[in-house]
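Here's the structure we're looking at; comments come further down.
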2 protein chains.
Amino acid sequence: MPMKRLTRQRRAVLEVLRGTKSHPDAAWVYQEVRKRIPSISLGTVYRTLDALVKEGLVMPLHHGGGATRYDANTMPHPHLYCRRCGAVVDLDLEPPDILKEASERHPELKFETFQLEFEGLCAECAGALAS
Amino acid sequence: MPMKRLTRQRRAVLEVLRGTKSHPDAAWVYQEVRKRIPSISLGTVYRTLDALVKEGLVMPLHHGGGATRYDANTMPHPHLYCRRCGAVVDLDLEPPDILKEASERHPELKFETFQLEFEGLCAECAGALAS
DNA sequence: GTGGTTGCAAAGGCTTTGCAGGCAC
DNA sequence: GTGCCTGCAAAGCCTTTGCAACCAC
């Protein structure tokens with residue numbers, strides 16, 4: 001029911017999210033959207049992000065207990081979390097076809113989706129630590 | 001440096017954690033440990049869990065943005081998160097050997113570990129929804 | 001005009017932290 | 001005895017929410 005109208009605020013949040021590959025959190029989105037709409041509130045950013053998630057236009061990422069991050073690419077795809085700088089990198093990797101295997105091994109459970117999350121070092125941090 | 005001494009509190013937290021398969025959060029651990037040590041504080045539970053994680057005796061689980069949950073089984077293994085009741089179920093499933101593939105596809109990144117997290121329904125909820 | 005949406009600010013949940021006293025070693 | 005550990009309470013983040021004004025429809 002919520003968030004049916006196309007307001008300036010909502011349009012701005014979606015555009016900001018689609019214009020980055022950085023998987024930002026609400027605070028970063030807020031900061032960016034304020035460049036266009038200085039009067040927008042953080043509460044509205046949260047409400048809008050929430051609505052976009054419910055509509056399936058945005059995917060929330062939870063990792064490491066910090067702030068929720070948001071990905072405008074809702075196609076299932078693996079991520080690498082950099083343990084040094086916290087960056088989230090999209091991976092060009094075919095997710096393994098493992099749902100069937102899981103269902104066969106545990107017939108009493110219902111498997112719907114899964115996510116593959118790597119931890120390691122992004123390109124910059126891998127280079128920095130190698131030197 | 002921290003948490004080198006084997007105190008009553010620390011022993012109790014570890015034993016509670018090892019005595020359950022439910023992947024509890026800090027509040028649940030607190031409640032259980034209080035049955036043995038009524039004077040223990042929630043702060044100590046958090047500090048102890050944190051120390052156990054740093055020592056590699058316990059693995060933290062982040063999912064859905066709620067409270068951090070803790071798993072005394074630190075062997076890498078997949079989980080199923082029940083979207084209905086929130087339960088976390090251990091899966092008896094060989095994780096795919098995908099680290100090499102990831103490294104080949106993205107040579108500039110450093111892959112160290114990964115986690116496979118399913119979402120779906122636990123046995124109880126799958127049965128409840130089927131009826 | 002009407003009801004969803006917003007800004008503001010307060011509150012909420014989870015977690016961390018400063019401090020003085022206490023306990024394992 | 002020494003220094004880490006504890007209980008307590010306050011504070012800290014991140015996020016949600018109540019309310020009156022506002023605006024897209």
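Ordering of the structure tokens sets the chain letters (A, B, ...), residue numbers begin anew at 1 in every chain, and ligands are numbered from 1 in the order given.
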Test item: chain B residues at most 12 Å from chain D, counting only C-alpha atoms (C1' of nucleotides), as a ChimeraX atom specification: /B:1-10,38-45,47-48,65-66
Please report as a CSV table (one decimal) with all heavy atoms, in the first residue's frame which residues of chain A come no farther than 10 Å from chain B, using only C-alpha atoms.
```
chain,number,residue,atom,x,y,z
A,60,PRO,N,18.5,-5.3,-0.2
A,60,PRO,CA,19.3,-4.9,1.0
A,60,PRO,C,20.4,-5.9,1.2
A,60,PRO,O,20.2,-7.1,1.0
A,60,PRO,CB,18.3,-5.0,2.1
A,60,PRO,CG,17.3,-6.0,1.7
A,60,PRO,CD,17.3,-6.0,0.2
A,61,LEU,N,21.6,-5.4,1.7
A,61,LEU,CA,22.7,-6.3,2.0
A,61,LEU,C,23.1,-6.1,3.5
A,61,LEU,O,23.3,-5.0,3.9
A,61,LEU,CB,23.9,-5.9,1.1
A,61,LEU,CG,23.7,-5.9,-0.4
A,61,LEU,CD1,25.0,-5.5,-1.1
A,61,LEU,CD2,23.4,-7.3,-0.9
A,62,HIS,N,23.2,-7.3,4.2
A,62,HIS,CA,23.5,-7.2,5.6
A,62,HIS,C,24.9,-8.0,5.7
A,62,HIS,O,25.0,-9.1,5.3
A,62,HIS,CB,22.5,-7.9,6.4
A,62,HIS,CG,21.1,-7.3,6.2
A,62,HIS,ND1,20.7,-6.1,6.8
A,62,HIS,CD2,20.1,-7.8,5.5
A,62,HIS,CE1,19.5,-5.9,6.5
A,62,HIS,NE2,19.0,-6.9,5.7
A,63,HIS,N,25.8,-7.3,6.3
A,63,HIS,CA,27.1,-8.0,6.5
A,63,HIS,C,27.9,-7.3,7.6
A,63,HIS,O,28.0,-6.1,7.6
A,63,HIS,CB,27.9,-7.9,5.2
A,63,HIS,CG,29.2,-8.7,5.2
A,63,HIS,ND1,30.4,-8.2,5.5
A,63,HIS,CD2,29.4,-10.1,5.1
A,63,HIS,CE1,31.3,-9.1,5.5
A,63,HIS,NE2,30.7,-10.3,5.3
A,64,GLY,N,28.4,-8.1,8.5
A,64,GLY,CA,29.3,-7.5,9.5
A,64,GLY,C,28.6,-6.7,10.6
A,64,GLY,O,29.3,-6.1,11.4
A,65,GLY,N,27.3,-6.6,10.6
A,65,GLY,CA,26.6,-6.0,11.6
A,65,GLY,C,26.6,-4.5,11.5
A,65,GLY,O,25.9,-3.8,12.4
A,66,GLY,N,27.1,-3.9,10.5
A,66,GLY,CA,27.0,-2.4,10.4
A,66,GLY,C,25.7,-2.0,9.8
A,66,GLY,O,24.7,-2.7,9.8
A,67,ALA,N,25.7,-0.9,9.1
A,67,ALA,CA,24.5,-0.3,8.5
A,67,ALA,C,24.1,-1.2,7.3
A,67,ALA,O,25.0,-1.8,6.6
A,67,ALA,CB,24.7,1.1,8.1
A,68,THR,N,22.8,-1.3,7.0
A,68,THR,CA,22.3,-2.0,5.9
A,68,THR,C,22.8,-1.2,4.6
A,68,THR,O,22.7,0.0,4.5
A,68,THR,CB,20.8,-2.0,5.9
A,68,THR,OG1,20.4,-2.6,7.1
A,68,THR,CG2,20.2,-2.8,4.7
A,78,PRO,N,26.8,-12.8,-6.8
A,78,PRO,CA,27.7,-12.9,-5.6
A,78,PRO,C,28.4,-11.5,-5.3
A,78,PRO,O,28.6,-10.7,-6.3
A,78,PRO,CB,28.7,-14.0,-5.9
A,78,PRO,CG,28.2,-14.6,-7.2
A,78,PRO,CD,27.4,-13.6,-7.9
A,79,HIS,N,28.8,-11.3,-4.1
A,79,HIS,CA,29.6,-10.1,-3.7
A,79,HIS,C,30.9,-10.5,-3.0
A,79,HIS,O,30.9,-11.6,-2.4
A,79,HIS,CB,28.8,-9.3,-2.8
A,79,HIS,CG,27.6,-8.6,-3.4
A,79,HIS,ND1,26.3,-9.0,-3.0
A,79,HIS,CD2,27.4,-7.7,-4.3
A,79,HIS,CE1,25.4,-8.2,-3.7
A,79,HIS,NE2,26.1,-7.5,-4.5
A,80,LEU,N,31.8,-9.7,-3.1
A,80,LEU,CA,33.0,-9.8,-2.3
A,80,LEU,C,33.0,-8.6,-1.3
A,80,LEU,O,33.0,-7.5,-1.7
A,80,LEU,CB,34.3,-9.7,-3.1
A,80,LEU,CG,35.6,-9.6,-2.3
A,80,LEU,CD1,35.9,-10.9,-1.6
A,80,LEU,CD2,36.8,-9.2,-3.2
A,81,TYR,N,33.2,-9.0,0.0
A,81,TYR,CA,33.3,-8.0,1.0
A,81,TYR,C,34.8,-7.8,1.4
A,81,TYR,O,35.4,-8.8,1.8
A,81,TYR,CB,32.5,-8.3,2.3
A,81,TYR,CG,31.0,-8.3,2.1
A,81,TYR,CD1,30.4,-9.5,1.6
A,81,TYR,CD2,30.2,-7.2,2.4
A,81,TYR,CE1,29.0,-9.5,1.3
A,81,TYR,CE2,28.9,-7.2,2.2
A,81,TYR,CZ,28.3,-8.3,1.6
A,81,TYR,OH,26.9,-8.3,1.4
A,82,CYS,N,35.3,-6.6,1.2
A,82,CYS,CA,36.7,-6.4,1.5
A,82,CYS,C,36.8,-6.2,3.0
A,82,CYS,O,36.2,-5.3,3.6
A,82,CYS,CB,37.2,-5.1,0.8
A,82,CYS,SG,38.9,-4.8,1.2
A,83,ARG,N,37.6,-7.0,3.6
A,83,ARG,CA,37.8,-7.0,5.1
A,83,ARG,C,38.6,-5.8,5.6
A,83,ARG,O,38.7,-5.5,6.7
A,83,ARG,CB,38.4,-8.3,5.6
A,83,ARG,CG,39.8,-8.5,5.2
A,83,ARG,CD,40.4,-9.6,6.1
A,83,ARG,NE,41.5,-10.3,5.4
A,83,ARG,CZ,42.8,-9.7,5.3
A,83,ARG,NH1,43.0,-8.6,5.9
A,83,ARG,NH2,43.7,-10.4,4.7
A,89,VAL,N,32.1,-5.5,-3.6
A,89,VAL,CA,32.4,-5.6,-5.0
A,89,VAL,C,31.4,-6.6,-5.7
A,89,VAL,O,31.3,-7.8,-5.2
A,89,VAL,CB,33.8,-6.1,-5.3
A,89,VAL,CG1,34.2,-6.1,-6.7
A,89,VAL,CG2,34.8,-5.2,-4.5
A,91,LEU,N,30.5,-9.4,-8.2
A,91,LEU,CA,31.3,-10.5,-8.9
A,91,LEU,C,30.6,-11.0,-10.2
A,91,LEU,O,29.4,-11.1,-10.2
A,91,LEU,CB,31.6,-11.6,-8.0
A,91,LEU,CG,32.3,-11.3,-6.7
A,91,LEU,CD1,32.5,-12.5,-5.9
A,91,LEU,CD2,33.6,-10.6,-7.0
A,92,ASP,N,31.4,-11.1,-11.2
A,92,ASP,CA,30.9,-11.7,-12.4
A,92,ASP,C,31.1,-13.2,-12.4
A,92,ASP,O,32.1,-13.7,-12.8
A,92,ASP,CB,31.6,-11.1,-13.6
A,92,ASP,CG,31.2,-11.8,-14.9
A,92,ASP,OD1,30.1,-12.3,-15.0
A,92,ASP,OD2,32.1,-11.8,-15.8
A,93,LEU,N,30.2,-13.9,-11.7
A,93,LEU,CA,30.4,-15.3,-11.4
A,93,LEU,C,29.0,-16.0,-11.4
A,93,LEU,O,28.1,-15.5,-10.8
A,93,LEU,CB,31.0,-15.4,-10.0
A,93,LEU,CG,31.8,-16.6,-9.6
A,93,LEU,CD1,33.0,-16.7,-10.5
A,93,LEU,CD2,32.1,-16.5,-8.1
A,94,GLU,N,29.0,-17.1,-12.1
A,94,GLU,CA,27.7,-17.8,-12.2
A,94,GLU,C,27.5,-18.5,-10.8
A,94,GLU,O,28.3,-19.3,-10.4
A,94,GLU,CB,27.8,-18.9,-13.3
A,94,GLU,CG,26.5,-19.6,-13.6
A,94,GLU,CD,25.6,-18.7,-14.4
A,94,GLU,OE1,26.1,-17.7,-15.0
A,94,GLU,OE2,24.4,-18.9,-14.3
A,95,PRO,N,26.4,-18.2,-10.2
A,95,PRO,CA,26.1,-18.8,-8.9
A,95,PRO,C,25.9,-20.3,-9.2
A,95,PRO,O,25.3,-20.7,-10.2
A,95,PRO,CB,24.8,-18.2,-8.4
A,95,PRO,CG,24.6,-16.9,-9.2
A,95,PRO,CD,25.3,-17.2,-10.5
A,96,PRO,N,26.5,-21.2,-8.3
A,96,PRO,CA,26.3,-22.6,-8.5
A,96,PRO,C,24.9,-23.0,-8.4
A,96,PRO,O,24.1,-22.4,-7.7
A,96,PRO,CB,27.1,-23.2,-7.3
A,96,PRO,CG,27.1,-22.1,-6.3
A,96,PRO,CD,27.1,-20.8,-7.0
A,97,ASP,N,24.5,-24.1,-9.2
A,97,ASP,CA,23.2,-24.6,-9.2
A,97,ASP,C,23.0,-25.6,-8.1
A,97,ASP,O,23.1,-26.8,-8.2
A,97,ASP,CB,22.9,-25.2,-10.6
A,97,ASP,CG,21.5,-25.7,-10.7
A,97,ASP,OD1,20.6,-25.1,-9.9
A,97,ASP,OD2,21.2,-26.6,-11.5
A,98,ILE,N,22.7,-25.0,-6.9
A,98,ILE,CA,22.8,-25.9,-5.7
A,98,ILE,C,21.5,-26.0,-5.0
A,98,ILE,O,21.4,-26.8,-4.1
A,98,ILE,CB,23.9,-25.3,-4.7
A,98,ILE,CG1,24.3,-26.3,-3.7
A,98,ILE,CG2,23.3,-24.0,-4.0
A,98,ILE,CD1,25.5,-25.9,-2.9
A,99,LEU,N,20.5,-25.3,-5.5
A,99,LEU,CA,19.2,-25.4,-4.8
A,99,LEU,C,18.6,-26.9,-4.9
A,99,LEU,O,18.1,-27.4,-3.9
A,99,LEU,CB,18.2,-24.5,-5.5
A,99,LEU,CG,18.1,-23.0,-5.0
A,99,LEU,CD1,17.1,-22.2,-5.7
A,99,LEU,CD2,17.9,-23.0,-3.5
A,101,GLU,N,20.3,-29.7,-5.1
A,101,GLU,CA,21.1,-30.5,-4.2
A,101,GLU,C,20.7,-30.3,-2.8
A,101,GLU,O,20.5,-31.3,-2.0
A,101,GLU,CB,22.6,-30.2,-4.4
A,101,GLU,CG,23.5,-31.1,-3.6
A,101,GLU,CD,24.9,-30.7,-3.7
A,101,GLU,OE1,25.3,-29.9,-4.6
A,101,GLU,OE2,25.7,-31.1,-2.8
A,102,ALA,N,20.4,-29.1,-2.4
A,102,ALA,CA,20.0,-28.8,-1.0
A,102,ALA,C,18.6,-29.4,-0.7
A,102,ALA,O,18.4,-30.0,0.3
A,102,ALA,CB,19.9,-27.3,-0.8
A,105,ARG,N,19.0,-33.2,-0.3
A,105,ARG,CA,19.6,-33.6,1.0
A,105,ARG,C,18.7,-33.3,2.2
A,105,ARG,O,18.8,-34.0,3.2
A,105,ARG,CB,20.9,-32.8,1.1
A,105,ARG,CG,21.7,-33.0,2.4
A,105,ARG,CD,22.4,-34.3,2.4
A,105,ARG,NE,23.7,-34.2,1.6
A,105,ARG,CZ,24.8,-34.8,1.9
A,105,ARG,NH1,24.8,-35.7,2.9
A,105,ARG,NH2,25.9,-34.6,1.2
A,106,HIS,N,17.9,-32.3,2.1
A,106,HIS,CA,17.0,-31.9,3.2
A,106,HIS,C,15.6,-31.8,2.7
A,106,HIS,O,15.1,-30.6,2.6
A,106,HIS,CB,17.5,-30.6,3.9
A,106,HIS,CG,18.8,-30.6,4.5
A,106,HIS,ND1,19.0,-31.1,5.8
A,106,HIS,CD2,20.1,-30.3,4.1
A,106,HIS,CE1,20.3,-31.0,6.1
A,106,HIS,NE2,21.0,-30.5,5.1
A,107,PRO,N,14.9,-32.9,2.5
A,107,PRO,CA,13.6,-32.8,1.9
A,107,PRO,C,12.6,-32.2,2.8
A,107,PRO,O,11.5,-31.7,2.3
A,107,PRO,CB,13.2,-34.3,1.7
A,107,PRO,CG,14.5,-35.1,2.0
A,107,PRO,CD,15.4,-34.2,2.8
A,108,GLU,N,12.8,-32.1,4.1
A,108,GLU,CA,11.8,-31.5,5.0
A,108,GLU,C,11.9,-30.0,5.0
A,108,GLU,O,11.0,-29.3,5.5
A,108,GLU,CB,12.1,-32.0,6.4
A,108,GLU,CG,13.2,-31.4,7.1
A,108,GLU,CD,14.6,-32.0,6.6
A,108,GLU,OE1,14.7,-32.7,5.6
A,108,GLU,OE2,15.6,-31.6,7.3
A,109,LEU,N,12.9,-29.4,4.4
A,109,LEU,CA,13.0,-28.0,4.3
A,109,LEU,C,12.6,-27.5,2.9
A,109,LEU,O,12.7,-28.2,2.0
A,109,LEU,CB,14.5,-27.6,4.6
A,109,LEU,CG,15.1,-28.1,5.9
A,109,LEU,CD1,16.6,-27.8,6.0
A,109,LEU,CD2,14.3,-27.6,7.1
A,110,LYS,N,12.3,-26.2,2.9
A,110,LYS,CA,11.9,-25.6,1.6
A,110,LYS,C,12.9,-24.5,1.3
A,110,LYS,O,13.1,-23.5,2.0
A,110,LYS,CB,10.5,-25.0,1.7
A,110,LYS,CG,10.0,-24.4,0.4
A,110,LYS,CD,8.5,-24.5,0.2
A,110,LYS,CE,8.1,-24.2,-1.2
A,110,LYS,NZ,8.2,-22.7,-1.4
A,111,PHE,N,13.7,-24.7,0.2
A,111,PHE,CA,14.7,-23.8,-0.2
A,111,PHE,C,14.1,-22.9,-1.3
A,111,PHE,O,13.6,-23.3,-2.3
A,111,PHE,CB,15.9,-24.5,-0.7
A,111,PHE,CG,16.6,-25.3,0.3
A,111,PHE,CD1,16.2,-26.7,0.6
A,111,PHE,CD2,17.6,-24.8,1.1
A,111,PHE,CE1,16.8,-27.4,1.6
A,111,PHE,CE2,18.2,-25.5,2.1
A,111,PHE,CZ,17.8,-26.9,2.3
A,112,GLU,N,14.3,-21.6,-1.1
A,112,GLU,CA,13.7,-20.6,-2.0
A,112,GLU,C,14.8,-19.9,-2.8
A,112,GLU,O,14.8,-19.8,-4.0
A,112,GLU,CB,12.8,-19.7,-1.3
A,112,GLU,CG,11.6,-20.5,-0.8
A,112,GLU,CD,10.6,-19.6,0.0
A,112,GLU,OE1,11.0,-18.5,0.5
A,112,GLU,OE2,9.5,-20.0,0.3
A,113,THR,N,15.7,-19.2,-2.0
A,113,THR,CA,16.8,-18.5,-2.7
A,113,THR,C,18.1,-18.7,-1.9
A,113,THR,O,18.0,-19.3,-0.8
A,113,THR,CB,16.5,-17.0,-2.7
A,113,THR,OG1,16.5,-16.5,-1.4
A,113,THR,CG2,15.3,-16.7,-3.4
A,114,PHE,N,19.2,-18.3,-2.4
A,114,PHE,CA,20.4,-18.3,-1.6
A,114,PHE,C,21.3,-17.2,-2.1
A,114,PHE,O,21.2,-16.7,-3.1
A,114,PHE,CB,21.1,-19.7,-1.8
A,114,PHE,CG,21.7,-19.9,-3.1
A,114,PHE,CD1,23.0,-19.6,-3.4
A,114,PHE,CD2,20.9,-20.5,-4.1
A,114,PHE,CE1,23.5,-19.9,-4.7
A,114,PHE,CE2,21.4,-20.7,-5.4
A,114,PHE,CZ,22.7,-20.4,-5.7
A,115,GLN,N,22.3,-17.0,-1.2
A,115,GLN,CA,23.3,-15.9,-1.6
A,115,GLN,C,24.7,-16.4,-1.3
A,115,GLN,O,24.9,-17.1,-0.3
A,115,GLN,CB,23.0,-14.6,-0.8
A,115,GLN,CG,22.2,-13.6,-1.6
A,115,GLN,CD,22.4,-12.2,-1.1
A,115,GLN,OE1,21.9,-11.9,-0.1
A,115,GLN,NE2,23.1,-11.4,-1.9
A,116,LEU,N,25.6,-16.0,-2.2
A,116,LEU,CA,26.9,-16.4,-2.0
A,116,LEU,C,27.7,-15.2,-1.7
A,116,LEU,O,27.7,-14.2,-2.5
A,116,LEU,CB,27.4,-17.0,-3.4
A,116,LEU,CG,28.7,-17.7,-3.4
A,116,LEU,CD1,28.8,-18.9,-2.4
A,116,LEU,CD2,28.9,-18.3,-4.8
A,117,GLU,N,28.4,-15.1,-0.6
A,117,GLU,CA,29.1,-13.9,-0.1
A,117,GLU,C,30.5,-14.3,0.2
A,117,GLU,O,30.8,-15.0,1.1
A,117,GLU,CB,28.4,-13.4,1.1
A,117,GLU,CG,26.9,-13.2,1.0
A,117,GLU,CD,26.6,-12.0,0.2
A,117,GLU,OE1,26.9,-10.9,0.6
A,117,GLU,OE2,26.0,-12.1,-0.9
A,118,PHE,N,31.4,-13.6,-0.6
A,118,PHE,CA,32.8,-13.9,-0.3
A,118,PHE,C,33.4,-12.8,0.6
A,118,PHE,O,32.9,-11.7,0.7
A,118,PHE,CB,33.6,-13.8,-1.6
A,118,PHE,CG,33.3,-14.9,-2.6
A,118,PHE,CD1,32.2,-14.9,-3.4
A,118,PHE,CD2,34.1,-16.1,-2.6
A,118,PHE,CE1,31.9,-15.9,-4.3
A,118,PHE,CE2,33.8,-17.1,-3.5
A,118,PHE,CZ,32.8,-17.0,-4.3
A,119,GLU,N,34.5,-13.2,1.3
A,119,GLU,CA,35.2,-12.2,2.1
A,119,GLU,C,36.6,-12.3,1.6
A,119,GLU,O,37.2,-13.3,1.3
A,119,GLU,CB,35.1,-12.5,3.6
A,119,GLU,CG,35.7,-11.4,4.4
A,119,GLU,CD,35.2,-11.3,5.8
A,119,GLU,OE1,34.0,-11.6,6.0
A,119,GLU,OE2,36.0,-10.9,6.7
A,120,GLY,N,37.3,-11.1,1.6
A,120,GLY,CA,38.7,-11.1,1.1
A,120,GLY,C,39.2,-9.7,1.0
A,120,GLY,O,38.9,-8.8,1.9
A,121,LEU,N,39.8,-9.4,-0.1
A,121,LEU,CA,40.4,-8.0,-0.3
A,121,LEU,C,40.0,-7.5,-1.7
A,121,LEU,O,40.1,-8.3,-2.7
A,121,LEU,CB,41.9,-8.1,-0.2
A,121,LEU,CG,42.5,-8.4,1.2
A,121,LEU,CD1,44.0,-8.6,1.1
A,121,LEU,CD2,42.1,-7.3,2.2
A,122,CYS,N,39.6,-6.3,-1.8
A,122,CYS,CA,39.3,-5.7,-3.1
A,122,CYS,C,40.6,-5.4,-3.8
A,122,CYS,O,41.7,-5.5,-3.2
A,122,CYS,CB,38.5,-4.4,-2.9
A,122,CYS,SG,39.4,-3.0,-2.2
A,123,ALA,N,40.5,-4.9,-5.0
A,123,ALA,CA,41.7,-4.7,-5.8
A,123,ALA,C,42.7,-3.7,-5.2
A,123,ALA,O,43.9,-4.0,-5.1
A,123,ALA,CB,41.3,-4.2,-7.2
A,124,GLU,N,42.2,-2.6,-4.7
A,124,GLU,CA,43.0,-1.6,-4.1
A,124,GLU,C,43.7,-2.2,-2.8
A,124,GLU,O,44.9,-2.0,-2.7
A,124,GLU,CB,42.2,-0.4,-3.7
A,124,GLU,CG,41.7,0.5,-4.9
A,124,GLU,CD,40.6,-0.2,-5.6
A,124,GLU,OE1,39.8,-1.0,-5.0
A,124,GLU,OE2,40.5,-0.1,-6.9
A,125,CYS,N,43.0,-2.8,-2.0
A,125,CYS,CA,43.6,-3.3,-0.7
A,125,CYS,C,44.5,-4.5,-1.0
A,125,CYS,O,45.5,-4.6,-0.3
A,125,CYS,CB,42.5,-3.7,0.3
A,125,CYS,SG,41.6,-2.2,0.8
A,126,ALA,N,44.2,-5.3,-1.9
A,126,ALA,CA,45.1,-6.4,-2.3
A,126,ALA,C,46.5,-5.8,-2.7
A,126,ALA,O,47.5,-6.3,-2.3
A,126,ALA,CB,44.5,-7.3,-3.3
A,127,GLY,N,46.4,-4.8,-3.5
A,127,GLY,CA,47.6,-4.1,-4.0
A,127,GLY,C,48.4,-3.5,-2.8
A,127,GLY,O,49.6,-3.6,-2.7
```
Quick one: which chain C residues come within 12 Å of chain A, and what is the nearest atom pair for each with the distance in Å to one decimal, counting only C-alpha atoms (C1' of nucleotides), rows ordered by chain and ascending number, as a tab-separated table?
```
residue	atom	partner	partner_atom	distance
C:DG3	C1'	A:Arg5	CA	10.9
C:DG4	C1'	A:Met3	CA	7.2
C:DT5	C1'	A:Met3	CA	7.6
C:DT6	C1'	A:Thr44	CA	6.9
C:DG7	C1'	A:Ser41	CA	6.0
C:DC8	C1'	A:Ser41	CA	8.2
C:DA9	C1'	A:Gly43	CA	10.4
C:DC14	C1'	A:Gly65	CA	10.1
C:DT15	C1'	A:Gly65	CA	9.9
```
DSSP alpha helix (DSSP H) residues within region 10-126 of chain B, as a ChimeraX atom specification: /B:10-18,26-33,42-54,99-105,123-126
Among the residues of region 41-103 of chain B, find those DSSP assigns to strand (DSSP E or B) from the backbone and print them as an mmCIF file with N, CA and C atoms, in the first residue's frame.
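And here's part-v4.cif as it stands now:
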```cif
data_model
loop_
_atom_site.group_PDB
_atom_site.id
_atom_site.type_symbol
_atom_site.label_atom_id
_atom_site.label_comp_id
_atom_site.auth_asym_id
_atom_site.auth_seq_id
_atom_site.Cartn_x
_atom_site.Cartn_y
_atom_site.Cartn_z
ATOM 1 N N MET B 59 31.359 -18.181 15.742
ATOM 2 C CA MET B 59 31.163 -17.440 14.491
ATOM 3 C C MET B 59 29.896 -16.605 14.554
ATOM 4 N N PRO B 60 30.014 -15.309 14.240
ATOM 5 C CA PRO B 60 28.830 -14.454 14.252
ATOM 6 C C PRO B 60 28.065 -14.579 12.946
ATOM 7 N N LEU B 61 26.742 -14.503 13.046
ATOM 8 C CA LEU B 61 25.894 -14.574 11.855
ATOM 9 C C LEU B 61 25.073 -13.300 11.748
ATOM 10 N N ARG B 69 23.615 -13.154 15.627
ATOM 11 C CA ARG B 69 23.449 -14.462 16.223
ATOM 12 C C ARG B 69 24.793 -15.156 16.228
ATOM 13 N N TYR B 70 24.951 -16.136 17.119
ATOM 14 C CA TYR B 70 26.251 -16.748 17.299
ATOM 15 C C TYR B 70 26.186 -18.255 17.131
ATOM 16 N N ASP B 71 27.190 -18.787 16.469
ATOM 17 C CA ASP B 71 27.248 -20.215 16.175
ATOM 18 C C ASP B 71 28.553 -20.769 16.733
ATOM 19 N N HIS B 79 23.776 -22.346 5.980
ATOM 20 C CA HIS B 79 22.607 -22.222 6.840
ATOM 21 C C HIS B 79 21.363 -21.952 5.999
ATOM 22 N N LEU B 80 20.248 -22.341 6.565
ATOM 23 C CA LEU B 80 18.962 -21.927 5.997
ATOM 24 C C LEU B 80 18.287 -20.986 6.983
ATOM 25 N N TYR B 81 17.892 -19.808 6.505
ATOM 26 C CA TYR B 81 17.159 -18.859 7.328
ATOM 27 C C TYR B 81 15.684 -18.999 6.997
ATOM 28 N N CYS B 82 14.898 -19.318 8.010
ATOM 29 C CA CYS B 82 13.458 -19.448 7.786
ATOM 30 C C CYS B 82 12.833 -18.056 7.736
ATOM 31 N N VAL B 88 17.361 -20.456 12.324
ATOM 32 C CA VAL B 88 18.550 -20.695 11.516
ATOM 33 C C VAL B 88 18.873 -22.177 11.612
ATOM 34 N N VAL B 89 18.874 -22.851 10.483
ATOM 35 C CA VAL B 89 19.057 -24.293 10.461
ATOM 36 C C VAL B 89 20.415 -24.634 9.841
ATOM 37 N N ASP B 90 21.185 -25.468 10.527
ATOM 38 C CA ASP B 90 22.444 -25.950 9.952
ATOM 39 C C ASP B 90 22.139 -26.907 8.812
#
```
B:Ser131, B:Ser103, B:Ser22, B:Gln31 ranked by distance to Asn73 (chain B), top pick (using only C-alpha atoms):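 Under the stated criterion, the closest residue is B:Ser22.
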Computed interatomic separation between CA of Lys100 (chain B) and CA of Val58 (chain B) (Å): 26.1 Å
For Ala26 (chain A), the nearest of the candidates A:Ala130, A:Ala72, A:His77, A:Tyr46, counting only C-alpha atoms: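 Checking each of A:Ala130, A:Ala72, A:His77, A:Tyr46 against Ala26 (chain A), counting only C-alpha atoms, the winner is A:Tyr46.
Picture a line from CA of Cys85 (chain B) to CA of His23 (chain A); it runs 28.1 Å.
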